[in-house]
>>> print(open('input10.pdb').read())   # PDB, C-alpha atoms
ATOM      1  CA  MET L 312     159.415 160.843 -30.884
ATOM      2  CA  SER L 313     158.619 158.612 -27.967
ATOM      3  CA  ALA L 314     155.070 158.799 -26.546
ATOM      4  CA  GLU L 315     156.383 157.994 -23.096
ATOM      5  CA  PHE L 316     157.783 159.958 -20.188
ATOM      6  CA  PRO L 317     159.827 162.208 -20.091
ATOM      7  CA  TYR L 318     158.556 163.554 -23.428
ATOM      8  CA  VAL L 319     154.883 163.338 -22.447
ATOM      9  CA  ARG L 320     154.167 165.393 -19.340
ATOM     10  CA  PRO L 321     150.431 165.990 -18.747
ATOM     11  CA  ARG L 322     151.323 168.279 -15.839
ATOM     12  CA  ARG L 323     152.298 170.961 -18.364
ATOM     13  CA  LEU L 324     148.589 171.652 -18.821
ATOM     14  CA  ARG L 325     148.029 171.932 -15.055
ATOM     15  CA  SER L 326     150.888 174.275 -14.294
ATOM     16  CA  THR L 327     149.110 177.594 -13.615
ATOM     17  CA  PRO L 328     145.583 178.852 -12.948
ATOM     18  CA  ALA L 329     145.547 180.449 -16.398
ATOM     19  CA  MET L 330     146.589 177.185 -18.054
ATOM     20  CA  ARG L 331     144.011 175.172 -16.146
ATOM     21  CA  ARG L 332     141.329 177.672 -17.088
ATOM     22  CA  LEU L 333     142.378 177.533 -20.746
ATOM     23  CA  VAL L 334     142.040 173.753 -21.037
ATOM     24  CA  ALA L 335     139.047 173.204 -18.728
ATOM     25  CA  GLN L 336     136.596 170.813 -20.380
ATOM     26  CA  THR L 337     133.614 171.528 -18.136
ATOM     27  CA  ARG L 338     132.466 174.976 -17.090
ATOM     28  CA  LEU L 339     129.769 176.189 -14.754
ATOM     29  CA  HIS L 340     127.645 179.234 -15.499
ATOM     30  CA  PRO L 341     124.873 180.788 -13.390
ATOM     31  CA  ALA L 342     122.428 180.457 -16.298
ATOM     32  CA  GLU L 343     122.656 176.671 -15.907
ATOM     33  CA  LEU L 344     121.599 176.788 -12.242
ATOM     34  CA  ILE L 345     118.020 176.576 -10.947
ATOM     35  CA  LEU L 346     117.174 177.573  -7.372
ATOM     36  CA  PRO L 347     114.459 175.587  -5.560
ATOM     37  CA  LEU L 348     112.382 177.847  -3.308
ATOM     38  CA  PHE L 349     109.781 176.981  -0.668
ATOM     39  CA  VAL L 350     106.912 179.305   0.207
ATOM     40  CA  ARG L 351     104.781 178.625   3.281
ATOM     41  CA  GLU L 352     101.244 179.771   3.801
ATOM     42  CA  GLY L 353     100.346 181.707   6.937
ATOM     43  CA  VAL L 354     103.784 182.775   8.190
ATOM     44  CA  SER L 355     104.981 186.337   8.727
ATOM     45  CA  GLU L 356     108.711 185.552   8.838
ATOM     46  CA  PRO L 357     110.865 183.022   6.987
ATOM     47  CA  VAL L 358     111.019 179.672   8.783
ATOM     48  CA  PRO L 359     114.491 178.049   8.867
ATOM     49  CA  ILE L 360     114.664 174.392   7.830
ATOM     50  CA  GLY L 361     116.728 172.692  10.527
ATOM     51  CA  SER L 362     118.095 169.885   8.382
ATOM     52  CA  MET L 363     119.029 172.256   5.539
ATOM     53  CA  PRO L 364     121.185 175.039   7.022
ATOM     54  CA  GLY L 365     120.734 178.281   5.119
ATOM     55  CA  VAL L 366     117.445 177.235   3.476
ATOM     56  CA  VAL L 367     114.078 178.609   4.626
ATOM     57  CA  GLN L 368     110.376 178.393   4.007
ATOM     58  CA  HIS L 369     109.666 181.838   2.618
ATOM     59  CA  THR L 370     106.814 184.225   3.148
ATOM     60  CA  ARG L 371     105.345 185.620  -0.045
ATOM     61  CA  ASP L 372     107.287 188.857   0.476
ATOM     62  CA  THR L 373     110.643 187.193   1.089
ATOM     63  CA  LEU L 374     110.002 184.866  -1.840
ATOM     64  CA  ARG L 375     109.710 187.876  -4.127
ATOM     65  CA  ARG L 376     113.008 189.201  -2.809
ATOM     66  CA  ALA L 377     114.663 185.819  -3.322
ATOM     67  CA  ALA L 378     113.405 185.737  -6.914
ATOM     68  CA  ALA L 379     114.768 189.224  -7.533
ATOM     69  CA  GLN L 380     118.163 188.147  -6.173
ATOM     70  CA  ALA L 381     118.130 185.073  -8.393
ATOM     71  CA  ALA L 382     117.420 187.189 -11.464
ATOM     72  CA  GLU L 383     120.093 189.723 -10.531
ATOM     73  CA  ALA L 384     122.659 186.908 -10.149
ATOM     74  CA  GLY L 385     121.845 185.609 -13.626
ATOM     75  CA  LEU L 386     120.389 182.271 -12.548
ATOM     76  CA  GLY L 387     118.544 180.283 -15.168
ATOM     77  CA  GLY L 388     115.390 179.776 -13.155
ATOM     78  CA  VAL L 389     113.613 178.965  -9.918
ATOM     79  CA  MET L 390     111.552 175.911  -8.956
ATOM     80  CA  LEU L 391     108.694 176.736  -6.601
ATOM     81  CA  PHE L 392     107.226 174.467  -3.913
ATOM     82  CA  GLY L 393     104.157 175.406  -1.880
ATOM     83  CA  VAL L 394     103.621 174.523   1.783
ATOM     84  CA  PRO L 395      99.906 174.907   2.587
ATOM     85  CA  GLU L 396      98.263 175.326   5.965
ATOM     86  CA  VAL L 397      95.656 172.631   5.240
ATOM     87  CA  GLN L 398      96.238 169.119   3.885
ATOM     88  CA  ASP L 399      93.595 166.556   2.980
ATOM     89  CA  ALA L 400      93.242 163.158   1.336
ATOM     90  CA  ILE L 401      93.197 164.444  -2.248
ATOM     91  CA  GLY L 402      95.464 167.479  -1.879
ATOM     92  CA  SER L 403      92.722 170.034  -2.559
ATOM     93  CA  GLU L 404      94.994 173.038  -2.079
ATOM     94  CA  GLY L 405      97.097 171.877  -5.018
ATOM     95  CA  THR L 406      94.263 172.757  -7.392
ATOM     96  CA  ASN L 407      92.944 175.811  -5.552
ATOM     97  CA  PRO L 408      93.482 178.767  -7.916
ATOM     98  CA  ASP L 409      94.273 180.852  -4.841
ATOM     99  CA  GLY L 410      96.410 178.188  -3.172
ATOM    100  CA  ILE L 411      99.815 179.165  -1.887
ATOM    101  CA  LEU L 412     101.753 177.798  -4.865
ATOM    102  CA  GLN L 413      99.557 179.569  -7.395
ATOM    103  CA  GLN L 414      99.916 182.826  -5.450
ATOM    104  CA  ALA L 415     103.676 182.312  -5.369
ATOM    105  CA  ILE L 416     103.821 181.752  -9.128
ATOM    106  CA  ARG L 417     101.979 185.009  -9.760
ATOM    107  CA  ASP L 418     104.243 186.837  -7.309
ATOM    108  CA  VAL L 419     107.470 185.570  -8.859
ATOM    109  CA  VAL L 420     106.370 186.071 -12.448
ATOM    110  CA  SER L 421     105.355 189.618 -11.537
ATOM    111  CA  GLU L 422     108.680 190.238  -9.770
ATOM    112  CA  ALA L 423     111.084 188.635 -12.213
ATOM    113  CA  GLY L 424     109.228 188.996 -15.493
ATOM    114  CA  ASP L 425     111.154 187.288 -18.246
ATOM    115  CA  SER L 426     114.480 187.434 -16.368
ATOM    116  CA  LEU L 427     113.942 183.960 -14.915
ATOM    117  CA  VAL L 428     112.296 180.766 -16.057
ATOM    118  CA  VAL L 429     109.651 180.174 -13.403
ATOM    119  CA  MET L 430     109.008 176.490 -12.733
ATOM    120  CA  SER L 431     106.572 174.816 -10.376
ATOM    121  CA  ASP L 432     106.441 171.436  -8.698
ATOM    122  CA  LEU L 433     103.440 169.501  -9.971
ATOM    123  CA  CYS L 434     102.840 166.880  -7.309
ATOM    124  CA  LEU L 435     100.435 166.193  -4.464
ATOM    125  CA  ASP L 436     102.753 165.189  -1.632
ATOM    126  CA  GLU L 437     102.889 168.700  -0.144
ATOM    127  CA  TYR L 438      99.091 168.863  -0.087
ATOM    128  CA  THR L 439      97.971 165.402   1.061
ATOM    129  CA  ASP L 440      97.525 164.442   4.696
ATOM    130  CA  HIS L 441      99.082 161.026   3.988
ATOM    131  CA  GLY L 442     102.144 162.480   2.248
ATOM    132  CA  HIS L 443     101.958 160.386  -0.901
ATOM    133  CA  CYS L 444     102.293 161.841  -4.376
ATOM    134  CA  GLY L 445      98.804 160.805  -5.430
ATOM    135  CA  VAL L 446      95.284 159.792  -4.539
ATOM    136  CA  LEU L 447      94.985 156.618  -2.478
ATOM    137  CA  ALA L 448      92.886 153.623  -3.462
ATOM    138  CA  ALA L 449      90.787 151.705  -0.924
ATOM    139  CA  ASP L 450      93.692 149.347  -0.207
ATOM    140  CA  GLY L 451      96.051 152.238   0.602
ATOM    141  CA  SER L 452      98.037 152.064  -2.633
ATOM    142  CA  VAL L 453      98.453 155.091  -4.884
ATOM    143  CA  ASP L 454      95.825 155.035  -7.635
ATOM    144  CA  ASN L 455      97.765 155.928 -10.777
ATOM    145  CA  ASP L 456      94.867 156.949 -13.027
ATOM    146  CA  ALA L 457      92.906 158.853 -10.378
ATOM    147  CA  THR L 458      96.107 160.736  -9.595
ATOM    148  CA  LEU L 459      96.520 161.693 -13.251
ATOM    149  CA  GLU L 460      93.173 163.474 -13.123
ATOM    150  CA  ARG L 461      94.432 165.578 -10.226
ATOM    151  CA  TYR L 462      97.705 166.318 -12.035
ATOM    152  CA  ALA L 463      95.775 167.576 -15.063
ATOM    153  CA  GLU L 464      93.855 170.004 -12.835
ATOM    154  CA  MET L 465      97.045 171.138 -11.108
ATOM    155  CA  ALA L 466      98.785 171.793 -14.411
ATOM    156  CA  VAL L 467      95.994 174.070 -15.601
ATOM    157  CA  VAL L 468      95.812 176.186 -12.432
ATOM    158  CA  GLN L 469      99.599 176.563 -12.390
ATOM    159  CA  ALA L 470      99.623 177.583 -16.043
ATOM    160  CA  ASP L 471      96.726 179.984 -15.408
ATOM    161  CA  ALA L 472      98.938 181.587 -12.742
ATOM    162  CA  GLY L 473     101.628 182.179 -15.376
ATOM    163  CA  VAL L 474     104.235 179.475 -14.784
ATOM    164  CA  HIS L 475     106.672 178.840 -17.640
ATOM    165  CA  LEU L 476     107.427 175.166 -16.939
ATOM    166  CA  VAL L 477     105.476 172.656 -14.874
ATOM    167  CA  GLY L 478     107.437 169.852 -13.237
ATOM    168  CA  PRO L 479     105.395 166.646 -12.856
ATOM    169  CA  SER L 480     107.367 164.780 -10.205
ATOM    170  CA  GLY L 481     105.096 161.985  -8.986
ATOM    171  CA  MET L 482     106.369 159.223 -11.311
ATOM    172  CA  MET L 483     102.849 158.200 -12.333
ATOM    173  CA  ASP L 484     102.620 156.254 -15.581
ATOM    174  CA  GLY L 485     101.293 158.501 -18.348
ATOM    175  CA  GLN L 486     101.674 161.745 -16.388
ATOM    176  CA  ILE L 487     103.417 163.726 -19.140
ATOM    177  CA  GLY L 488     100.834 162.896 -21.805
ATOM    178  CA  VAL L 489      97.913 163.697 -19.510
ATOM    179  CA  VAL L 490      99.445 167.007 -18.442
ATOM    180  CA  ARG L 491     100.269 167.962 -22.039
ATOM    181  CA  ARG L 492      96.725 167.298 -23.204
ATOM    182  CA  ALA L 493      95.254 169.233 -20.288
ATOM    183  CA  LEU L 494      97.492 172.233 -20.913
ATOM    184  CA  ASP L 495      96.733 172.272 -24.625
ATOM    185  CA  ALA L 496      92.996 171.928 -24.084
ATOM    186  CA  ALA L 497      93.099 174.923 -21.716
ATOM    187  CA  GLY L 498      94.934 177.078 -24.268
ATOM    188  CA  HIS L 499      98.362 176.753 -22.643
ATOM    189  CA  GLN L 500     100.228 175.326 -25.619
ATOM    190  CA  ASP L 501     103.276 177.443 -24.759
ATOM    191  CA  THR L 502     103.600 176.186 -21.183
ATOM    192  CA  GLY L 503     106.447 173.681 -21.119
ATOM    193  CA  ILE L 504     106.928 170.447 -19.190
ATOM    194  CA  LEU L 505     110.064 169.530 -17.257
ATOM    195  CA  ALA L 506     109.557 165.809 -16.737
ATOM    196  CA  TYR L 507     110.958 164.131 -13.636
ATOM    197  CA  THR L 508     111.958 161.221 -15.857
ATOM    198  CA  ALA L 509     114.251 159.234 -13.562
ATOM    199  CA  LYS L 510     113.227 159.901  -9.975
ATOM    200  CA  TYR L 511     114.535 157.291  -7.582
ATOM    201  CA  ALA L 512     113.074 156.109  -4.268
ATOM    202  CA  SER L 513     116.018 157.611  -2.439
ATOM    203  CA  ALA L 514     117.043 158.099   1.180
ATOM    204  CA  PHE L 515     118.544 161.421   0.105
ATOM    205  CA  TYR L 516     115.130 163.127   0.218
ATOM    206  CA  GLY L 517     114.907 163.131   4.012
ATOM    207  CA  PRO L 518     115.460 166.857   4.685
ATOM    208  CA  PHE L 519     113.097 167.820   1.845
ATOM    209  CA  ARG L 520     110.211 166.246   3.708
ATOM    210  CA  GLU L 521     110.817 168.663   6.557
ATOM    211  CA  ALA L 522     110.995 171.500   4.029
ATOM    212  CA  VAL L 523     107.522 170.793   2.625
ATOM    213  CA  GLY L 524     105.915 169.560   5.845
ATOM    214  CA  SER L 525     105.308 166.084   4.435
ATOM    215  CA  SER L 526     103.382 163.687   6.661
ATOM    216  CA  LEU L 527     104.396 160.602   4.681
ATOM    217  CA  THR L 528     103.730 157.213   6.193
ATOM    218  CA  GLY L 529     105.391 154.260   4.493
ATOM    219  CA  ASP L 530     107.485 154.818   1.389
ATOM    220  CA  ARG L 531     107.202 155.566  -2.327
ATOM    221  CA  LYS L 532     108.908 152.471  -3.667
ATOM    222  CA  ALA L 533     105.808 151.373  -5.605
ATOM    223  CA  TYR L 534     106.046 154.376  -7.938
ATOM    224  CA  GLN L 535     109.525 155.885  -7.709
ATOM    225  CA  GLN L 536     112.381 153.936  -9.298
ATOM    226  CA  ASP L 537     114.462 151.285  -7.576
ATOM    227  CA  PRO L 538     118.006 152.581  -6.903
ATOM    228  CA  ALA L 539     119.333 149.213  -8.102
ATOM    229  CA  ASN L 540     118.055 149.758 -11.644
ATOM    230  CA  ALA L 541     119.474 151.765 -14.536
ATOM    231  CA  ARG L 542     117.957 150.515 -17.791
ATOM    232  CA  GLU L 543     114.406 151.414 -16.810
ATOM    233  CA  SER L 544     115.455 155.076 -16.809
ATOM    234  CA  LEU L 545     115.871 154.838 -20.566
ATOM    235  CA  ARG L 546     112.405 153.297 -20.827
ATOM    236  CA  GLU L 547     110.989 156.193 -18.802
ATOM    237  CA  LEU L 548     112.883 158.622 -21.046
ATOM    238  CA  ALA L 549     111.397 157.119 -24.212
ATOM    239  CA  GLN L 550     107.910 157.310 -22.737
ATOM    240  CA  ASP L 551     108.249 160.908 -21.535
ATOM    241  CA  LEU L 552     109.601 162.041 -24.898
ATOM    242  CA  ALA L 553     106.794 160.294 -26.756
ATOM    243  CA  GLU L 554     104.250 162.014 -24.486
ATOM    244  CA  GLY L 555     105.650 165.489 -25.124
ATOM    245  CA  ALA L 556     108.270 166.337 -22.480
ATOM    246  CA  ASP L 557     110.206 169.509 -23.318
ATOM    247  CA  MET L 558     112.979 168.808 -20.802
ATOM    248  CA  VAL L 559     113.822 165.785 -18.650
ATOM    249  CA  MET L 560     115.383 165.352 -15.232
ATOM    250  CA  VAL L 561     117.301 162.887 -13.081
ATOM    251  CA  LYS L 562     116.794 163.010  -9.309
ATOM    252  CA  PRO L 563     118.911 162.692  -7.146
ATOM    253  CA  ALA L 564     122.071 163.807  -8.933
ATOM    254  CA  MET L 565     125.315 162.977  -7.150
ATOM    255  CA  ALA L 566     124.520 159.350  -6.330
ATOM    256  CA  TYR L 567     123.137 158.834  -9.854
ATOM    257  CA  LEU L 568     125.772 160.362 -12.117
ATOM    258  CA  ASP L 569     125.782 157.188 -14.209
ATOM    259  CA  ILE L 570     122.070 157.720 -14.894
ATOM    260  CA  VAL L 571     122.668 161.377 -15.763
ATOM    261  CA  ARG L 572     125.273 160.244 -18.296
ATOM    262  CA  GLN L 573     123.005 157.590 -19.844
ATOM    263  CA  ILE L 574     120.065 159.979 -20.128
ATOM    264  CA  ALA L 575     122.271 162.744 -21.542
ATOM    265  CA  ASP L 576     123.680 160.399 -24.177
ATOM    266  CA  ALA L 577     120.195 159.361 -25.306
ATOM    267  CA  SER L 578     118.105 162.527 -24.906
ATOM    268  CA  PRO L 579     117.354 164.952 -27.760
ATOM    269  CA  VAL L 580     115.972 167.486 -25.249
ATOM    270  CA  PRO L 581     117.764 169.315 -22.410
ATOM    271  CA  VAL L 582     118.664 167.220 -19.361
ATOM    272  CA  SER L 583     118.458 168.562 -15.817
ATOM    273  CA  ALA L 584     119.652 166.986 -12.579
ATOM    274  CA  TYR L 585     118.450 167.782  -9.060
ATOM    275  CA  GLN L 586     121.086 168.002  -6.338
ATOM    276  CA  VAL L 587     118.658 167.071  -3.586
ATOM    277  CA  SER L 588     118.291 168.008   0.062
ATOM    278  CA  GLY L 589     120.284 165.095   1.486
ATOM    279  CA  GLU L 590     123.183 165.750  -0.867
ATOM    280  CA  TYR L 591     123.149 169.388   0.223
ATOM    281  CA  ALA L 592     122.832 168.528   3.922
ATOM    282  CA  MET L 593     125.776 166.096   3.881
ATOM    283  CA  VAL L 594     128.181 168.750   2.619
ATOM    284  CA  GLU L 595     126.813 171.390   4.990
ATOM    285  CA  ALA L 596     127.180 169.023   7.961
ATOM    286  CA  ALA L 597     130.731 168.049   7.036
ATOM    287  CA  ALA L 598     131.670 171.683   6.513
ATOM    288  CA  ALA L 599     130.136 172.695   9.853
ATOM    289  CA  ASN L 600     132.430 170.159  11.510
ATOM    290  CA  GLY L 601     135.467 171.533   9.704
ATOM    291  CA  TRP L 602     136.001 168.307   7.775
ATOM    292  CA  VAL L 603     135.834 169.751   4.239
ATOM    293  CA  ASP L 604     136.449 173.010   2.391
ATOM    294  CA  ARG L 605     132.833 174.040   1.884
ATOM    295  CA  GLU L 606     133.169 176.391  -1.085
ATOM    296  CA  ARG L 607     135.409 174.000  -2.987
ATOM    297  CA  MET L 608     132.977 171.171  -2.306
ATOM    298  CA  ILE L 609     130.045 173.199  -3.630
ATOM    299  CA  LEU L 610     131.741 173.931  -6.936
ATOM    300  CA  GLU L 611     133.265 170.458  -7.241
ATOM    301  CA  THR L 612     129.936 168.692  -6.775
ATOM    302  CA  LEU L 613     128.225 170.983  -9.274
ATOM    303  CA  THR L 614     131.040 170.494 -11.772
ATOM    304  CA  SER L 615     130.723 166.723 -11.450
ATOM    305  CA  ILE L 616     127.029 166.901 -12.311
ATOM    306  CA  ARG L 617     127.721 169.061 -15.360
ATOM    307  CA  ARG L 618     130.570 166.760 -16.368
ATOM    308  CA  ALA L 619     128.199 163.788 -16.245
ATOM    309  CA  GLY L 620     126.048 165.506 -18.859
ATOM    310  CA  ALA L 621     123.456 167.678 -17.099
ATOM    311  CA  ASP L 622     122.577 170.855 -18.978
ATOM    312  CA  GLN L 623     120.935 172.403 -15.930
ATOM    313  CA  ILE L 624     121.274 171.730 -12.207
ATOM    314  CA  LEU L 625     118.662 172.330  -9.536
ATOM    315  CA  THR L 626     120.625 173.131  -6.394
ATOM    316  CA  TYR L 627     120.008 174.914  -3.100
ATOM    317  CA  TRP L 628     123.431 176.505  -3.603
ATOM    318  CA  ALA L 629     122.455 178.124  -6.912
ATOM    319  CA  LEU L 630     122.648 181.711  -5.671
ATOM    320  CA  GLU L 631     125.826 181.193  -3.667
ATOM    321  CA  ALA L 632     127.452 179.276  -6.517
ATOM    322  CA  ALA L 633     126.677 182.145  -8.888
ATOM    323  CA  HIS L 634     128.473 184.528  -6.539
ATOM    324  CA  LEU L 635     131.433 182.148  -6.211
ATOM    325  CA  LEU L 636     131.692 181.904  -9.992
ATOM    326  CA  ALA L 637     131.554 185.688 -10.337
ATOM    327  CA  ARG L 638     134.350 185.961  -7.806
ATOM    328  CA  GLY L 639     136.484 183.612  -9.883
TER
END
>>> encode(input="input10.pdb", output="structure tokens")
Amino acid sequence: MSAEFPYVRPRRLRSTPAMRRLVAQTRLHPAELILPLFVREGVSEPVPIGSMPGVVQHTRDTLRRAAAQAAEAGLGGVMLFGVPEVQDAIGSEGTNPDGILQQAIRDVVSEAGDSLVVMSDLCLDEYTDHGHCGVLAADGSVDNDATLERYAEMAVVQADAGVHLVGPSGMMDGQIGVVRRALDAAGHQDTGILAYTAKYASAFYGPFREAVGSSLTGDRKAYQQDPANARESLRELAQDLAEGADMVMVKPAMAYLDIVRQIADASPVPVSAYQVSGEYAMVEAAAANGWVDRERMILETLTSIRRAGADQILTYWALEAAHLLARG
């Protein structure tokens, strides 16, 4: 039999919704989605984030409700970010046991119990008055090793609050090993680490800085990865695995699907990808102008990230996507 048209007709497997569903190679499920949530100290009502339509800085009460909704929808987890009232040079509120993020962790763990994996951002940029992810040296550069000391303290207070996974996101050399040793020494051997393994110095983070009230001056190119480079992601992966990472992540996602694929092919641990604020905002802006079908775009972008090899996706659409998937 000939292997050419008209005998071979790939359209046979695209003919009906049932047929397409039968042969689909990539599927989305709510359990693979992680919802990032922001909680702001000192507010009585949620504060909308102008550059991220539909996303807010929560109060502690509305954060609890959002966590309950996430659990009810069957999401895999939530990633918590704190927005403090006070920032200083060393990010003191990041290690305050009663700081806003630690309060939020306790609130969400109490609300959701074991229904959600509760994750926390382990970084200083939300808490420093200069907006960098670490402690500054006298020349204004980020001091890698001094920053690691702060990360170790942050990891312990977050674990004390009950978090399931800490997410070191500052791209400091040695951060996973330092955090692992600090957690173990404090008796938190069961607290896991989601390593931000390949985090690029990306323009797609712009709206996020509004979301966390970052006062960044300059850029983070001296510690986040160069968007031009791919191979160094595999070097970062090898280092994070050797230091004890339980899961690894690529950030951003959509502009770095090739990196997601390379990491997924090489990683023996689960691989996450973060669909970041700028990626979210672009679709929302295009949809608001009537240029794209918003719901189709949401599911198509998420499917592309899964297809590239991500086991989990952090996305601001997690809750809505879960409802779209339930609707079928």
>>> residues_around(input="input10.pdb", residues="Asp557 (chain L)", least_positions_apart="4", cutoff="10 Å", atoms="only C-alpha atoms", output="CSV table (one decimal) with C-alpha atoms, in the frame of the given file")
chain,number,residue,atom,x,y,z
L,476,LEU,CA,107.4,175.2,-16.9
L,487,ILE,CA,103.4,163.7,-19.1
L,502,THR,CA,103.6,176.2,-21.2
L,503,GLY,CA,106.4,173.7,-21.1
L,504,ILE,CA,106.9,170.4,-19.2
L,505,LEU,CA,110.1,169.5,-17.3
L,506,ALA,CA,109.6,165.8,-16.7
L,551,ASP,CA,108.2,160.9,-21.5
L,552,LEU,CA,109.6,162.0,-24.9
L,579,PRO,CA,117.4,165.0,-27.8
L,580,VAL,CA,116.0,167.5,-25.2
L,581,PRO,CA,117.8,169.3,-22.4
L,582,VAL,CA,118.7,167.2,-19.4
>>> closest_residue(input="input10.pdb", among="L:Gln623, L:Ser480, L:Met565, L:Asp530", to="Gly387 (chain L)", atoms="all atoms listed in the file")
L:Gln623
>>> closest_residue(input="input10.pdb", among="L:Val397, L:Ala378, L:Leu613, L:Ala449", to="Pro347 (chain L)", atoms="only C-alpha atoms")
L:Ala378
>>> closest_residue(input="input10.pdb", among="L:Ile401, L:Ala553, L:Met558, L:Ala509", to="Glu460 (chain L)", atoms="only C-alpha atoms")
L:Ile401
>>> closest_residue(input="input10.pdb", among="L:Pro395, L:Pro408, L:Pro479, L:Gly601", to="Cys434 (chain L)", atoms="all atoms listed in the file")
L:Pro479
>>> atom_distance(input="input10.pdb", atom1="CA of Leu568 (chain L)", atom2="CA of Ala619 (chain L)")
5.9 Å
>>> resolve_selection(input="input10.pdb", expression="the PyMOL selection byres ((chain L and resi 624) around 7)", output="PyMOL selection string")
chain L and resi 343-345+583-586+621-623+625-626
>>> residues_around(input="input10.pdb", residues="region 368-372 of chain L", least_positions_apart="4", cutoff="9 Å", atoms="all atoms listed in the file", output="JSON, numbers by chain")
{"L": [348, 349, 350, 351, 352, 353, 354, 355, 356, 357, 358, 359, 360, 376, 377, 394, 411, 414, 415, 418, 522, 523]}
>>> resolve_selection(input="input10.pdb", expression="the PyMOL selection byres ((chain L and resi 461) around 10)", output="mmCIF file with C-alpha atoms, keeping the file's coordinate frame")
data_model
loop_
_atom_site.group_PDB
_atom_site.id
_atom_site.type_symbol
_atom_site.label_atom_id
_atom_site.label_comp_id
_atom_site.auth_asym_id
_atom_site.auth_seq_id
_atom_site.Cartn_x
_atom_site.Cartn_y
_atom_site.Cartn_z
ATOM 1 C CA ILE L 401 93.197 164.444 -2.248
ATOM 2 C CA GLY L 402 95.464 167.479 -1.879
ATOM 3 C CA SER L 403 92.722 170.034 -2.559
ATOM 4 C CA GLY L 405 97.097 171.877 -5.018
ATOM 5 C CA THR L 406 94.263 172.757 -7.392
ATOM 6 C CA LEU L 433 103.440 169.501 -9.971
ATOM 7 C CA CYS L 434 102.840 166.880 -7.309
ATOM 8 C CA LEU L 435 100.435 166.193 -4.464
ATOM 9 C CA GLY L 445 98.804 160.805 -5.430
ATOM 10 C CA VAL L 446 95.284 159.792 -4.539
ATOM 11 C CA ASP L 456 94.867 156.949 -13.027
ATOM 12 C CA ALA L 457 92.906 158.853 -10.378
ATOM 13 C CA THR L 458 96.107 160.736 -9.595
ATOM 14 C CA LEU L 459 96.520 161.693 -13.251
ATOM 15 C CA GLU L 460 93.173 163.474 -13.123
ATOM 16 C CA TYR L 462 97.705 166.318 -12.035
ATOM 17 C CA ALA L 463 95.775 167.576 -15.063
ATOM 18 C CA GLU L 464 93.855 170.004 -12.835
ATOM 19 C CA MET L 465 97.045 171.138 -11.108
ATOM 20 C CA ALA L 466 98.785 171.793 -14.411
ATOM 21 C CA VAL L 490 99.445 167.007 -18.442
#
>>> resolve_selection(input="input10.pdb", expression="the PyMOL selection byres ((chain L and resi 392) around 6)", output="PyMOL selection string")
chain L and resi 349+391+393+432
>>> residues_around(input="input10.pdb", residues="His634 (chain L)", least_positions_apart="6", cutoff="10 Å", atoms="all atoms listed in the file", output="list in words")
Pro341, Ala384, Gly385 and Trp628 of chain L
